[in-house]
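Just my_file-v7.cif here, mmCIF, C-alpha atoms:
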data_structure
#
loop_
_atom_site.label_atom_id
_atom_site.label_comp_id
_atom_site.auth_asym_id
_atom_site.auth_seq_id
_atom_site.Cartn_x
_atom_site.Cartn_y
_atom_site.Cartn_z
CA MET X 30 -42.98 -3.49 -14.17
CA TRP X 31 -40.18 -1.17 -15.28
CA HIS X 32 -39.11 -0.25 -11.71
CA GLU X 33 -38.83 -3.95 -10.79
CA THR X 34 -36.62 -4.55 -13.83
CA MET X 35 -34.45 -1.58 -12.85
CA TYR X 36 -34.22 -2.94 -9.30
CA ASP X 37 -33.06 -6.34 -10.62
CA VAL X 38 -30.44 -4.73 -12.89
CA LEU X 39 -29.08 -2.55 -10.08
CA ASN X 40 -28.85 -5.59 -7.83
CA ILE X 41 -26.78 -7.42 -10.44
CA ILE X 42 -24.44 -4.42 -10.67
CA ASN X 43 -24.21 -4.28 -6.88
CA ASN X 44 -23.30 -7.97 -6.68
CA ILE X 45 -20.48 -7.34 -9.14
CA VAL X 46 -19.31 -4.39 -7.03
CA LEU X 47 -19.42 -6.50 -3.85
CA THR X 48 -17.26 -9.14 -5.56
CA MET X 49 -14.74 -6.47 -6.56
CA ILE X 50 -14.65 -5.27 -2.96
CA GLY X 51 -14.44 -8.75 -1.48
CA ILE X 52 -11.28 -9.91 -3.26
CA PRO X 53 -8.88 -7.34 -1.72
CA PHE X 54 -10.60 -7.74 1.67
CA LEU X 55 -10.08 -11.51 1.40
CA LEU X 56 -6.38 -10.90 0.78
CA GLN X 57 -6.11 -8.85 3.98
CA LEU X 58 -7.99 -11.55 5.88
CA ILE X 59 -5.52 -14.18 4.64
CA TYR X 60 -2.62 -12.06 5.93
CA MET X 61 -4.22 -11.90 9.36
CA LEU X 62 -5.02 -15.62 9.52
CA PHE X 63 -1.42 -16.51 8.65
CA PHE X 64 0.06 -14.38 11.44
CA TRP X 65 1.70 -17.50 12.89
CA VAL X 66 4.23 -18.01 10.07
CA LYS X 67 7.84 -17.53 11.16
CA LYS X 68 9.56 -14.30 10.23
CA LYS X 69 12.42 -14.25 7.74
CA VAL X 70 15.80 -13.75 9.41
CA TYR X 71 18.87 -13.09 7.28
CA PRO X 72 22.13 -14.74 8.38
CA LYS X 73 24.49 -12.55 10.39
CA SER X 74 27.27 -11.25 8.15
CA GLU X 75 30.81 -10.56 9.28
CA LYS X 76 31.31 -8.46 6.16
CA LYS X 77 30.28 -4.86 6.71
CA GLY X 78 29.24 -2.67 3.81
CA LYS X 79 29.60 1.10 3.71
CA VAL X 80 26.27 2.89 3.96
CA ALA X 81 25.01 6.39 3.20
CA TYR X 82 21.87 7.59 4.97
CA LEU X 83 19.91 10.13 2.94
CA ILE X 84 17.48 12.47 4.74
CA PRO X 85 15.34 15.09 2.93
CA ALA X 86 14.71 18.14 5.12
CA HIS X 87 12.88 21.44 4.78
CA ASN X 88 13.39 23.72 7.80
CA GLU X 89 13.89 20.84 10.22
CA ALA X 90 16.06 22.63 12.79
CA ASP X 91 13.91 21.37 15.66
CA VAL X 92 14.65 17.68 15.03
CA ILE X 93 17.51 17.21 12.57
CA TYR X 94 20.40 17.36 15.05
CA ASP X 95 19.02 14.53 17.18
CA THR X 96 18.15 12.41 14.14
CA VAL X 97 21.65 12.69 12.65
CA ARG X 98 23.39 12.08 15.99
CA GLU X 99 21.31 9.00 16.69
CA VAL X 100 22.25 7.44 13.35
CA ILE X 101 25.95 8.18 13.84
CA GLU X 102 26.32 7.47 17.56
CA ARG X 103 23.71 4.87 18.49
CA GLN X 104 23.93 2.32 15.70
CA ASP X 105 25.45 -1.05 16.53
CA TYR X 106 27.69 -0.71 13.48
CA PRO X 107 31.19 0.66 12.75
CA LYS X 108 30.91 4.47 12.74
CA GLU X 109 33.53 4.82 10.00
CA LEU X 110 31.21 2.94 7.64
CA ILE X 111 28.24 5.30 8.12
CA ASP X 112 27.77 8.71 6.51
CA VAL X 113 24.62 10.78 6.96
CA TYR X 114 23.60 13.17 4.18
CA VAL X 115 20.81 15.69 4.66
CA ILE X 116 19.26 17.38 1.61
CA CYS X 117 18.53 20.90 2.86
CA HIS X 118 15.58 21.65 0.60
CA ASN X 119 14.85 25.40 0.33
CA CYS X 120 15.76 25.80 3.98
CA THR X 121 15.51 29.26 5.53
CA ASP X 122 16.58 28.17 9.03
CA ASN X 123 19.87 26.71 10.36
CA THR X 124 19.17 23.09 9.36
CA ALA X 125 22.46 22.83 7.41
CA GLU X 126 24.48 24.21 10.31
CA LEU X 127 22.95 21.73 12.74
CA VAL X 128 23.62 18.86 10.33
CA LYS X 129 27.33 19.73 10.32
CA LYS X 130 27.35 20.11 14.10
CA ALA X 131 25.81 16.65 14.47
CA GLY X 132 28.44 15.10 12.21
CA GLY X 133 26.38 14.86 9.04
CA ILE X 134 26.93 16.20 5.52
CA PRO X 135 24.47 18.84 4.27
CA ILE X 136 23.50 18.92 0.59
CA ILE X 137 22.10 22.33 -0.31
CA TYR X 138 19.20 22.11 -2.74
CA ASN X 139 17.32 25.28 -3.66
CA ASN X 140 14.55 25.07 -6.23
CA ASP X 141 12.02 27.89 -6.59
CA ASN X 142 9.90 26.14 -9.21
CA PRO X 143 6.44 25.85 -7.54
CA ASN X 144 5.75 22.66 -9.53
CA GLU X 145 8.90 20.98 -8.20
CA LYS X 146 8.55 21.47 -4.46
CA PHE X 147 7.37 17.91 -3.90
CA LEU X 148 9.58 15.51 -1.97
CA ALA X 149 10.24 13.55 -5.16
CA TYR X 150 12.43 16.30 -6.67
CA CYS X 151 14.41 16.59 -3.47
CA LEU X 152 15.10 12.84 -3.39
CA ASN X 153 16.04 12.78 -7.07
CA TYR X 154 18.61 15.48 -6.40
CA GLY X 155 19.94 13.65 -3.35
CA PHE X 156 20.39 10.28 -5.01
CA ASP X 157 22.01 11.92 -8.06
CA TYR X 158 24.41 13.63 -5.69
CA LEU X 159 25.36 10.35 -4.01
CA LEU X 160 25.96 8.65 -7.33
CA LYS X 161 28.11 11.52 -8.60
CA HIS X 162 30.09 11.92 -5.36
CA ASP X 163 30.52 8.25 -4.57
CA LYS X 164 32.72 7.37 -1.59
CA GLY X 165 32.63 3.63 -1.97
CA TYR X 166 29.14 3.06 -0.62
CA ASP X 167 27.52 -0.33 -0.92
CA PHE X 168 23.95 0.65 -0.12
CA TYR X 169 21.78 3.62 0.79
CA ILE X 170 19.07 4.05 3.44
CA ARG X 171 16.46 6.78 3.26
CA LEU X 172 15.03 8.39 6.40
CA ASP X 173 12.80 11.35 7.21
CA ALA X 174 14.06 14.20 9.36
CA ASP X 175 12.05 13.18 12.44
CA ASN X 176 12.54 9.41 12.17
CA HIS X 177 14.20 7.15 14.71
CA ILE X 178 15.62 3.68 14.13
CA ASN X 179 16.52 0.86 16.50
CA LYS X 180 20.22 0.39 17.19
CA GLU X 181 20.47 -2.82 15.13
CA PHE X 182 18.92 -1.20 12.05
CA THR X 183 22.07 -0.72 9.94
CA SER X 184 23.48 -4.10 10.89
CA LEU X 185 20.26 -5.89 9.95
CA MET X 186 20.01 -4.09 6.61
CA ASN X 187 23.64 -5.00 5.98
CA ASP X 188 22.86 -8.67 6.67
CA ALA X 189 20.09 -8.51 4.06
CA TYR X 190 22.37 -6.72 1.58
CA GLN X 191 25.19 -9.24 2.05
CA SER X 192 22.63 -12.02 1.44
CA GLY X 193 21.95 -10.58 -2.01
CA VAL X 194 19.02 -8.24 -1.28
CA GLU X 195 19.10 -5.04 -3.37
CA PHE X 196 15.85 -3.49 -2.21
CA ALA X 197 14.23 -3.80 1.23
CA ARG X 198 11.82 -2.23 3.70
CA PRO X 199 11.86 -2.24 7.50
CA TYR X 200 9.12 -2.76 10.07
CA GLU X 201 7.23 0.55 10.38
CA SER X 202 6.22 1.62 13.88
CA ALA X 203 5.65 4.96 15.63
CA ILE X 204 7.54 7.01 18.19
CA ASN X 205 4.26 8.46 19.48
CA MET X 206 2.06 5.36 19.34
CA THR X 207 0.85 5.78 22.94
CA GLN X 208 0.35 9.56 22.71
CA ASN X 209 -3.44 9.36 22.61
CA LYS X 210 -6.27 7.08 21.51
CA PHE X 211 -6.14 8.43 17.98
CA THR X 212 -2.44 7.59 17.51
CA LYS X 213 -3.03 4.10 18.92
CA ALA X 214 -5.75 3.32 16.41
CA CYS X 215 -3.84 5.03 13.60
CA GLY X 216 -0.64 3.19 14.48
CA LEU X 217 -2.35 -0.20 14.49
CA TYR X 218 -3.62 0.47 10.98
CA TYR X 219 -0.10 1.07 9.66
CA VAL X 220 1.52 -1.69 11.74
CA PHE X 221 -0.88 -4.18 10.14
CA ASP X 222 1.06 -4.17 6.89
CA SER X 223 4.36 -4.75 8.67
CA ARG X 224 3.36 -7.53 11.05
CA PHE X 225 0.78 -9.31 8.91
CA GLY X 226 1.08 -8.29 5.25
CA SER X 227 4.84 -7.92 4.91
CA ARG X 228 5.71 -11.03 6.90
CA VAL X 229 3.36 -13.24 4.89
CA ARG X 230 4.56 -11.76 1.60
CA GLU X 231 8.18 -12.47 2.55
CA ARG X 232 7.46 -16.08 3.50
CA LEU X 233 5.45 -16.66 0.31
CA HIS X 234 8.25 -15.07 -1.79
CA LEU X 235 6.04 -12.20 -2.92
CA GLY X 236 7.46 -8.76 -3.58
CA ALA X 237 7.43 -6.55 -0.49
CA HIS X 238 5.75 -3.15 -0.61
CA VAL X 239 8.91 -1.11 -0.17
CA ASN X 240 8.07 2.52 0.48
CA GLY X 241 8.83 5.43 2.72
CA PRO X 242 11.35 5.87 5.54
CA GLY X 243 13.87 3.14 6.22
CA THR X 244 14.00 1.93 2.61
CA MET X 245 17.30 0.27 1.70
CA THR X 246 18.54 0.34 -1.89
CA SER X 247 21.84 -1.03 -3.17
CA LYS X 248 24.18 1.35 -4.95
CA ALA X 249 24.50 -1.18 -7.78
CA MET X 250 20.74 -1.09 -8.37
CA MET X 251 20.63 2.73 -8.29
CA GLU X 252 23.47 2.88 -10.82
CA ARG X 253 21.73 0.35 -13.02
CA ILE X 254 18.46 2.30 -13.15
CA GLY X 255 20.21 5.67 -13.45
CA GLY X 256 18.99 7.27 -10.21
CA TYR X 257 15.69 7.65 -8.39
CA ASN X 258 13.70 8.95 -11.40
CA CYS X 259 10.30 9.33 -9.71
CA TYR X 260 8.32 12.56 -9.77
CA THR X 261 4.81 11.94 -8.42
CA ILE X 262 3.48 12.97 -5.02
CA SER X 263 3.60 9.24 -4.08
CA GLU X 264 7.18 8.85 -5.28
CA ASP X 265 8.02 5.99 -2.88
CA ALA X 266 5.16 3.81 -4.15
CA GLU X 267 6.05 4.78 -7.72
CA PHE X 268 9.67 3.71 -7.13
CA CYS X 269 8.55 0.30 -5.79
CA ILE X 270 6.14 -0.27 -8.70
CA ASN X 271 8.85 0.70 -11.20
CA ARG X 272 11.21 -1.86 -9.69
CA MET X 273 8.56 -4.56 -9.80
CA ASN X 274 7.92 -3.79 -13.46
CA GLU X 275 11.66 -4.39 -13.95
CA LYS X 276 11.42 -7.73 -12.10
CA VAL X 277 13.25 -6.39 -9.05
CA PHE X 278 11.26 -7.49 -6.02
CA GLY X 279 11.61 -6.00 -2.57
CA HIS X 280 12.18 -7.81 0.72
CA PHE X 281 11.17 -7.29 4.34
CA VAL X 282 13.73 -6.98 7.13
CA GLU X 283 11.38 -7.37 10.08
CA ASP X 284 13.70 -6.72 13.02
CA ALA X 285 14.93 -3.43 11.52
CA VAL X 286 12.42 -0.93 12.91
CA VAL X 287 11.82 2.65 11.83
CA TYR X 288 9.76 4.83 14.18
CA GLU X 289 7.71 7.54 12.50
CA ASP X 290 5.69 10.44 13.87
CA LEU X 291 2.01 9.53 13.46
CA PRO X 292 -0.82 12.02 12.92
CA SER X 293 -2.46 12.56 16.31
CA SER X 294 -5.70 14.20 15.20
CA PHE X 295 -8.34 13.93 12.51
CA LYS X 296 -7.03 17.14 10.90
CA ASP X 297 -3.52 15.73 10.39
CA THR X 298 -4.83 12.33 9.30
CA TYR X 299 -7.01 14.10 6.77
CA ALA X 300 -3.99 16.02 5.41
CA ARG X 301 -1.88 12.87 5.18
CA ASN X 302 -4.55 10.73 3.52
CA ILE X 303 -5.58 13.40 1.05
CA ARG X 304 -1.97 13.37 -0.09
CA ILE X 305 -1.85 9.56 -0.24
CA GLY X 306 -5.17 9.24 -2.05
CA SER X 307 -4.48 11.89 -4.67
CA GLY X 308 -1.02 10.50 -5.34
CA SER X 309 -2.26 6.92 -5.58
CA ARG X 310 -4.86 7.79 -8.23
CA ARG X 311 -2.19 8.53 -10.81
CA LEU X 312 -0.38 5.28 -10.03
CA ILE X 313 -3.55 3.17 -10.18
CA PHE X 314 -4.62 4.46 -13.58
CA GLY X 315 -1.07 4.47 -14.93
CA LYS X 316 1.66 2.17 -13.76
CA LEU X 317 -0.43 -0.38 -11.83
CA GLY X 318 -2.32 -1.34 -14.96
CA LYS X 319 0.92 -2.81 -16.35
CA LEU X 320 1.33 -4.99 -13.26
CA PHE X 321 -2.24 -6.26 -13.59
CA LEU X 322 -1.68 -7.24 -17.23
CA LYS X 323 1.69 -8.82 -16.44
CA PHE X 324 0.06 -11.26 -14.05
CA PHE X 325 -1.95 -12.85 -16.88
CA TYR X 326 1.10 -13.77 -18.97
CA THR X 327 3.65 -14.38 -16.22
CA PHE X 328 1.32 -15.81 -13.54
CA LYS X 329 3.54 -14.24 -10.89
CA PHE X 330 1.21 -13.45 -8.00
CA SER X 331 3.37 -10.51 -6.81
CA TYR X 332 1.99 -8.42 -9.67
CA LEU X 333 -1.64 -9.15 -8.87
CA GLU X 334 -1.12 -8.74 -5.12
CA MET X 335 0.42 -5.29 -5.56
CA PHE X 336 -2.42 -4.25 -7.87
CA LEU X 337 -5.09 -5.48 -5.45
CA THR X 338 -3.47 -3.68 -2.52
CA TYR X 339 -3.54 -0.31 -4.26
CA PHE X 340 -6.95 -1.08 -5.75
CA PHE X 341 -8.20 -0.75 -2.17
CA ASN X 342 -8.03 3.04 -2.71
CA ILE X 343 -10.63 2.71 -5.45
CA ILE X 344 -12.66 0.52 -3.11
CA CYS X 345 -12.62 3.38 -0.59
CA VAL X 346 -14.36 5.53 -3.22
CA ILE X 347 -16.91 2.80 -3.91
CA LEU X 348 -17.56 2.28 -0.20
CA CYS X 349 -18.20 6.00 0.27
CA THR X 350 -20.30 6.55 -2.86
CA TRP X 351 -21.96 3.58 -4.56
CA LEU X 352 -22.70 1.44 -1.49
CA PRO X 353 -24.50 4.05 0.65
CA ILE X 354 -26.43 5.37 -2.35
CA PHE X 355 -27.43 1.88 -3.49
CA TYR X 356 -28.52 0.62 -0.08
CA ILE X 357 -30.49 3.76 0.71
CA TYR X 358 -32.29 3.19 -2.59
CA ASP X 359 -32.57 -0.57 -1.96
CA ILE X 360 -34.08 -0.28 1.52
CA THR X 361 -36.39 2.57 0.52
CA TYR X 362 -37.65 0.72 -2.57
CA LEU X 363 -38.22 -2.54 -0.67
CA ALA X 364 -40.07 -0.69 2.12
CA LEU X 365 -42.36 1.11 -0.34
CA CYS X 366 -43.09 -2.10 -2.22
CA GLY X 367 -43.49 -4.12 0.96
CA THR X 368 -46.06 -1.71 2.39
CA GLY X 369 -47.99 -1.51 -0.88
CA VAL X 370 -47.15 2.12 -1.65
CA ILE X 371 -45.65 0.99 -4.96
CA GLU X 372 -47.62 -1.60 -6.92
CA THR X 373 -45.59 -4.68 -7.93
CA VAL X 374 -46.01 -7.95 -9.79
CA GLY X 375 -44.20 -9.91 -7.06
CA GLY X 376 -46.50 -8.81 -4.29
CA ALA X 377 -45.97 -6.86 -1.06
CA THR X 378 -45.18 -9.92 1.09
CA MET X 379 -42.21 -10.95 -1.05
CA TYR X 380 -40.71 -7.48 -0.92
CA MET X 381 -41.21 -7.15 2.84
CA ASP X 382 -39.47 -10.51 3.37
CA THR X 383 -36.63 -9.34 1.12
CA LEU X 384 -36.35 -6.12 3.13
CA ILE X 385 -36.07 -8.01 6.43
CA ASN X 386 -33.45 -10.37 4.99
CA THR X 387 -31.49 -7.45 3.54
CA LEU X 388 -31.40 -5.64 6.90
CA ILE X 389 -30.25 -8.82 8.63
CA ILE X 390 -27.46 -9.36 6.07
CA ILE X 391 -26.29 -5.74 6.35
CA ALA X 392 -26.22 -5.92 10.16
CA ALA X 393 -24.35 -9.25 10.10
CA ALA X 394 -21.82 -8.02 7.53
CA LEU X 395 -21.09 -4.84 9.48
CA GLY X 396 -20.84 -6.81 12.71
CA ILE X 397 -18.34 -9.27 11.22
CA LEU X 398 -16.26 -6.49 9.67
CA PHE X 399 -16.16 -4.39 12.83
CA VAL X 400 -15.63 -7.23 15.31
CA PHE X 401 -13.63 -9.85 13.42
CA CYS X 402 -11.74 -7.74 10.87
CA GLY X 403 -11.56 -4.72 13.17
CA ILE X 404 -11.36 -5.25 16.91
CA LEU X 405 -9.99 -8.81 16.75
CA GLN X 406 -7.32 -7.71 14.29
CA GLY X 407 -6.31 -4.81 16.53
CA VAL X 408 -6.21 -6.98 19.66
CA LEU X 409 -4.09 -9.57 17.87
CA LEU X 410 -1.60 -6.91 16.78
CA VAL X 411 -1.36 -5.56 20.33
CA CYS X 412 -0.79 -9.03 21.78
CA LEU X 413 1.90 -9.91 19.24
CA ASP X 414 3.90 -6.70 18.79
CA TYR X 415 3.20 -4.22 21.59
CA LYS X 416 6.92 -3.86 22.36
CA LYS X 417 7.73 -2.82 18.79
CA MET X 418 4.98 -0.22 19.10
CA GLY X 419 6.70 1.40 22.07
CA ALA X 420 4.27 0.22 24.75
CA LYS X 421 5.42 -1.06 28.14
CA ASN X 422 2.52 -3.51 28.30
CA ARG X 423 -0.45 -4.61 26.23
CA ARG X 424 -2.97 -2.67 28.30
CA GLU X 425 -1.50 0.61 27.02
CA LEU X 426 -2.74 -0.14 23.49
CA LEU X 427 -5.95 -2.10 24.01
CA ASP X 428 -8.24 0.94 23.85
CA GLY X 429 -6.71 1.67 20.45
CA ALA X 430 -7.66 -1.84 19.33
CA PHE X 431 -11.32 -1.20 20.18
CA LEU X 432 -11.20 2.09 18.27
CA PHE X 433 -9.52 0.43 15.30
CA PRO X 434 -12.77 -0.09 13.31
CA ALA X 435 -13.71 3.59 13.76
CA PHE X 436 -10.30 4.68 12.48
CA THR X 437 -10.71 2.38 9.47
CA VAL X 438 -13.89 4.28 8.59
CA VAL X 439 -12.02 7.59 8.94
CA TYR X 440 -9.21 6.24 6.77
CA CYS X 441 -11.66 5.11 4.08
CA LEU X 442 -13.45 8.49 4.00
CA THR X 443 -10.25 10.55 3.80
CA ILE X 444 -8.65 8.33 1.16
CA CYS X 445 -11.85 8.69 -0.89
CA LEU X 446 -11.61 12.48 -0.66
CA GLY X 447 -7.95 12.26 -1.67
CA MET X 448 -8.75 10.08 -4.68
CA LEU X 449 -11.24 12.72 -5.82
CA SER X 450 -8.87 15.64 -5.17
CA LYS X 451 -6.17 17.30 -7.22
CA PRO X 452 -2.68 16.13 -6.17
CA LYS X 453 -1.09 18.62 -3.80
CA TRP X 454 1.25 18.67 -0.85
CA ILE X 455 -0.46 19.37 2.48
CA LYS X 456 1.73 19.90 5.52
CA VAL X 457 1.15 17.52 8.42
CA ASN X 458 1.97 18.98 11.81
CA ARG X 459 4.66 17.32 13.90
CA ASN X 460 3.75 16.03 17.32
CA LYS X 461 5.88 16.96 20.27
CA THR X 462 5.69 14.17 22.78
CA GLU X 463 8.02 12.68 25.30
CA SER X 464 5.88 9.62 25.90
CA ASN X 465 8.43 7.27 24.39
CA SER X 466 12.05 8.07 23.69
CA ILE X 467 13.88 5.83 21.24
CA SER X 468 16.22 4.65 23.99
CA GLU X 469 13.23 3.42 26.01
CA ILE X 470 11.91 1.54 22.98
CA ASP X 471 15.27 -0.11 22.35
CA ASN X 472 15.42 -1.29 25.93
#

What is this structure when it is put down as structure tokens?
Amino acid sequence: MWHETMYDVLNIINNIVLTMIGIPFLLQLIYMLFFWVKKKVYPKSEKKGKVAYLIPAHNEADVIYDTVREVIERQDYPKELIDVYVICHNCTDNTAELVKKAGGIPIIYNNDNPNEKFLAYCLNYGFDYLLKHDKGYDFYIRLDADNHINKEFTSLMNDAYQSGVEFARPYESAINMTQNKFTKACGLYYVFDSRFGSRVRERLHLGAHVNGPGTMTSKAMMERIGGYNCYTISEDAEFCINRMNEKVFGHFVEDAVVYEDLPSSFKDTYARNIRIGSGSRRLIFGKLGKLFLKFFYTFKFSYLEMFLTYFFNIICVILCTWLPIFYIYDITYLALCGTGVIETVGGATMYMDTLINTLIIIAAALGILFVFCGILQGVLLVCLDYKKMGAKNRRELLDGAFLFPAFTVVYCLTICLGMLSKPKWIKVNRNKTESNSISEIDN
């Protein structure tokens, strides 16, 4: 009958969709299973390069003084070789004054164009400024206004630079990881890529996903490419993809840790992920396609791995649309056929058996994903890296590990909404917490 034929066709389509979903998930599973590989450590260099820190800031008077002072005063690195520049982007407060007071160098950038208020334009201006007003720098490090870094950060990035690395990322952690259960689960999600993904990529000589705060770029590379030259809402990912297209592959400096301020509520996570999802859509349907095609004539797995990682954003859309719609249809159709409400050629018994098997498979799949790929993954991260996450002991983070699967669902839903939204900048509120100072984390 026609409805049985339609059911068979939809099942074939669904099997194709499940295969598409399974490949990126398999990649993440491989990263977790290879957690035991040794981290890459760059040899200690006696030669010290001159470094410029670049910090974009819009009305950051509440945090900028401490951030600048920490970089200048607390780094285990010669102070005379560190300069801190802050791009004061349309600031209406005393950010620039506080930058000077802290020992930094303010760069005033005022741009009233409503289409150019994204962070990308601010960073383009800042890097152009550094290239035009060069003071003999060897490499640059980008931070956000509320970031903290461990005291060995500059020294470790210098070791990588002196070893020939032009482009590198740090380990990303959070200053407020233990603030509440939400930040614990959220933090574990983002730490995953540092402890599992980035370490395995580095050991397998795959290009690191270099993005966001703590990124190190050599001056020579920036001169060669003519500046930052990225203008999307996901400018950091765009910059990394551009470099990979130019056969410049990033590296991971694991012991250099940047501490970010994590969203501590659903509202702020929603705002952040809407921004990430909407920005990623343009990259996926534009620049990432080139990487996918490059894999088939270069056979360099870095290209395919990068594509599959960002393809997960499309999977989020599929998980939130196709899968629930299909399985509601699937279960309903099987139940109606199995109870004889709908007449079939195959017979009611066959359809009822299929329904029971389908329900068992769905329950088993969800159980495996939530327990093995969710809770177990979170517990493993806590056991391995709780100190880098700012916890005094493992017990502080264990409840976050058990909430990790629930946060993954939240992440998937919000990324889906972002992928279906128009790109726009949504402000994420800063958390004020004294749960972990950077000095406590260092110690």

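Coordinates place atom CA of X:Arg311 at a distance of 11.1 Å from atom CA of X:Tyr339.
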
field: Picked residues, the PyMOL selection byres ((chain X and resi 432-438) around 10), as a PyMOL selection string
entry: chain X and resi 210-218+295+298+345+348-349+398-408+427-431+439-444

- request: Evaluate the PyMOL selection byres ((chain X and resi 200) around 12) here and jot the selected residues down as number ranges by chain.
  value: X: 68, 178-179, 182, 185-186, 197-199, 201-203, 219-228, 237-244, 280-289, 414, 417-418

For the file shown, report as a PDB file with C-alpha atoms, in the frame of the given file the outcome of the PyMOL selection byres ((chain X and resi 363) around 8) at residue level.
ATOM      1  CA  ASP X 359     -32.570  -0.570  -1.960  1.00  0.00           C
ATOM      2  CA  ILE X 360     -34.080  -0.280   1.520  1.00  0.00           C
ATOM      3  CA  THR X 361     -36.390   2.570   0.520  1.00  0.00           C
ATOM      4  CA  TYR X 362     -37.650   0.720  -2.570  1.00  0.00           C
ATOM      5  CA  ALA X 364     -40.070  -0.690   2.120  1.00  0.00           C
ATOM      6  CA  LEU X 365     -42.360   1.110  -0.340  1.00  0.00           C
ATOM      7  CA  CYS X 366     -43.090  -2.100  -2.220  1.00  0.00           C
ATOM      8  CA  GLY X 367     -43.490  -4.120   0.960  1.00  0.00           C
ATOM      9  CA  TYR X 380     -40.710  -7.480  -0.920  1.00  0.00           C
ATOM     10  CA  MET X 381     -41.210  -7.150   2.840  1.00  0.00           C
ATOM     11  CA  THR X 383     -36.630  -9.340   1.120  1.00  0.00           C
ATOM     12  CA  LEU X 384     -36.350  -6.120   3.130  1.00  0.00           C
TER      13      LEU X 384
END

Selection near stretch 260-272 of chain X, 10 Å with only C-alpha atoms, sequence-local residues under 2 positions removed, as a PDB file with C-alpha atoms, in the coordinates of the input:
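Listed below is the output, selection-v2.pdb:
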ATOM      1  CA  GLU X 145       8.900  20.980  -8.200  1.00  0.00           C
ATOM      2  CA  LYS X 146       8.550  21.470  -4.460  1.00  0.00           C
ATOM      3  CA  PHE X 147       7.370  17.910  -3.900  1.00  0.00           C
ATOM      4  CA  LEU X 148       9.580  15.510  -1.970  1.00  0.00           C
ATOM      5  CA  ALA X 149      10.240  13.550  -5.160  1.00  0.00           C
ATOM      6  CA  TYR X 150      12.430  16.300  -6.670  1.00  0.00           C
ATOM      7  CA  CYS X 151      14.410  16.590  -3.470  1.00  0.00           C
ATOM      8  CA  LEU X 152      15.100  12.840  -3.390  1.00  0.00           C
ATOM      9  CA  ASN X 153      16.040  12.780  -7.070  1.00  0.00           C
ATOM     10  CA  PHE X 196      15.850  -3.490  -2.210  1.00  0.00           C
ATOM     11  CA  ALA X 197      14.230  -3.800   1.230  1.00  0.00           C
ATOM     12  CA  GLY X 236       7.460  -8.760  -3.580  1.00  0.00           C
ATOM     13  CA  ALA X 237       7.430  -6.550  -0.490  1.00  0.00           C
ATOM     14  CA  HIS X 238       5.750  -3.150  -0.610  1.00  0.00           C
ATOM     15  CA  VAL X 239       8.910  -1.110  -0.170  1.00  0.00           C
ATOM     16  CA  ASN X 240       8.070   2.520   0.480  1.00  0.00           C
ATOM     17  CA  GLY X 241       8.830   5.430   2.720  1.00  0.00           C
ATOM     18  CA  PRO X 242      11.350   5.870   5.540  1.00  0.00           C
ATOM     19  CA  THR X 244      14.000   1.930   2.610  1.00  0.00           C
ATOM     20  CA  MET X 250      20.740  -1.090  -8.370  1.00  0.00           C
ATOM     21  CA  ILE X 254      18.460   2.300 -13.150  1.00  0.00           C
ATOM     22  CA  TYR X 257      15.690   7.650  -8.390  1.00  0.00           C
ATOM     23  CA  ASN X 258      13.700   8.950 -11.400  1.00  0.00           C
ATOM     24  CA  ASN X 274       7.920  -3.790 -13.460  1.00  0.00           C
ATOM     25  CA  GLU X 275      11.660  -4.390 -13.950  1.00  0.00           C
ATOM     26  CA  LYS X 276      11.420  -7.730 -12.100  1.00  0.00           C
ATOM     27  CA  VAL X 277      13.250  -6.390  -9.050  1.00  0.00           C
ATOM     28  CA  PHE X 278      11.260  -7.490  -6.020  1.00  0.00           C
ATOM     29  CA  GLY X 279      11.610  -6.000  -2.570  1.00  0.00           C
ATOM     30  CA  ARG X 304      -1.970  13.370  -0.090  1.00  0.00           C
ATOM     31  CA  ILE X 305      -1.850   9.560  -0.240  1.00  0.00           C
ATOM     32  CA  GLY X 306      -5.170   9.240  -2.050  1.00  0.00           C
ATOM     33  CA  SER X 307      -4.480  11.890  -4.670  1.00  0.00           C
ATOM     34  CA  GLY X 308      -1.020  10.500  -5.340  1.00  0.00           C
ATOM     35  CA  SER X 309      -2.260   6.920  -5.580  1.00  0.00           C
ATOM     36  CA  ARG X 310      -4.860   7.790  -8.230  1.00  0.00           C
ATOM     37  CA  ARG X 311      -2.190   8.530 -10.810  1.00  0.00           C
ATOM     38  CA  LEU X 312      -0.380   5.280 -10.030  1.00  0.00           C
ATOM     39  CA  LYS X 316       1.660   2.170 -13.760  1.00  0.00           C
ATOM     40  CA  LEU X 317      -0.430  -0.380 -11.830  1.00  0.00           C
ATOM     41  CA  LYS X 319       0.920  -2.810 -16.350  1.00  0.00           C
ATOM     42  CA  LEU X 320       1.330  -4.990 -13.260  1.00  0.00           C
ATOM     43  CA  TYR X 332       1.990  -8.420  -9.670  1.00  0.00           C
ATOM     44  CA  MET X 335       0.420  -5.290  -5.560  1.00  0.00           C
ATOM     45  CA  PHE X 336      -2.420  -4.250  -7.870  1.00  0.00           C
ATOM     46  CA  TYR X 339      -3.540  -0.310  -4.260  1.00  0.00           C
ATOM     47  CA  PRO X 452      -2.680  16.130  -6.170  1.00  0.00           C
ATOM     48  CA  LYS X 453      -1.090  18.620  -3.800  1.00  0.00           C
ATOM     49  CA  TRP X 454       1.250  18.670  -0.850  1.00  0.00           C
TER      50      TRP X 454
END

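Counting only C-alpha atoms, stretch 34-42 of chain X has the following residues at most 12 Å away, ignoring those fewer than 3 positions along the same chain: Met30, Trp31, Ile45, Val46, Leu47, Thr48, Met49, Trp351, Leu352, Ile354, Phe355, Tyr356, Tyr358, Asp359, Ile360, Thr361, Tyr362, Leu363, Cys366, Thr373, Val374, Gly375, Tyr380 and Thr387 of chain X.
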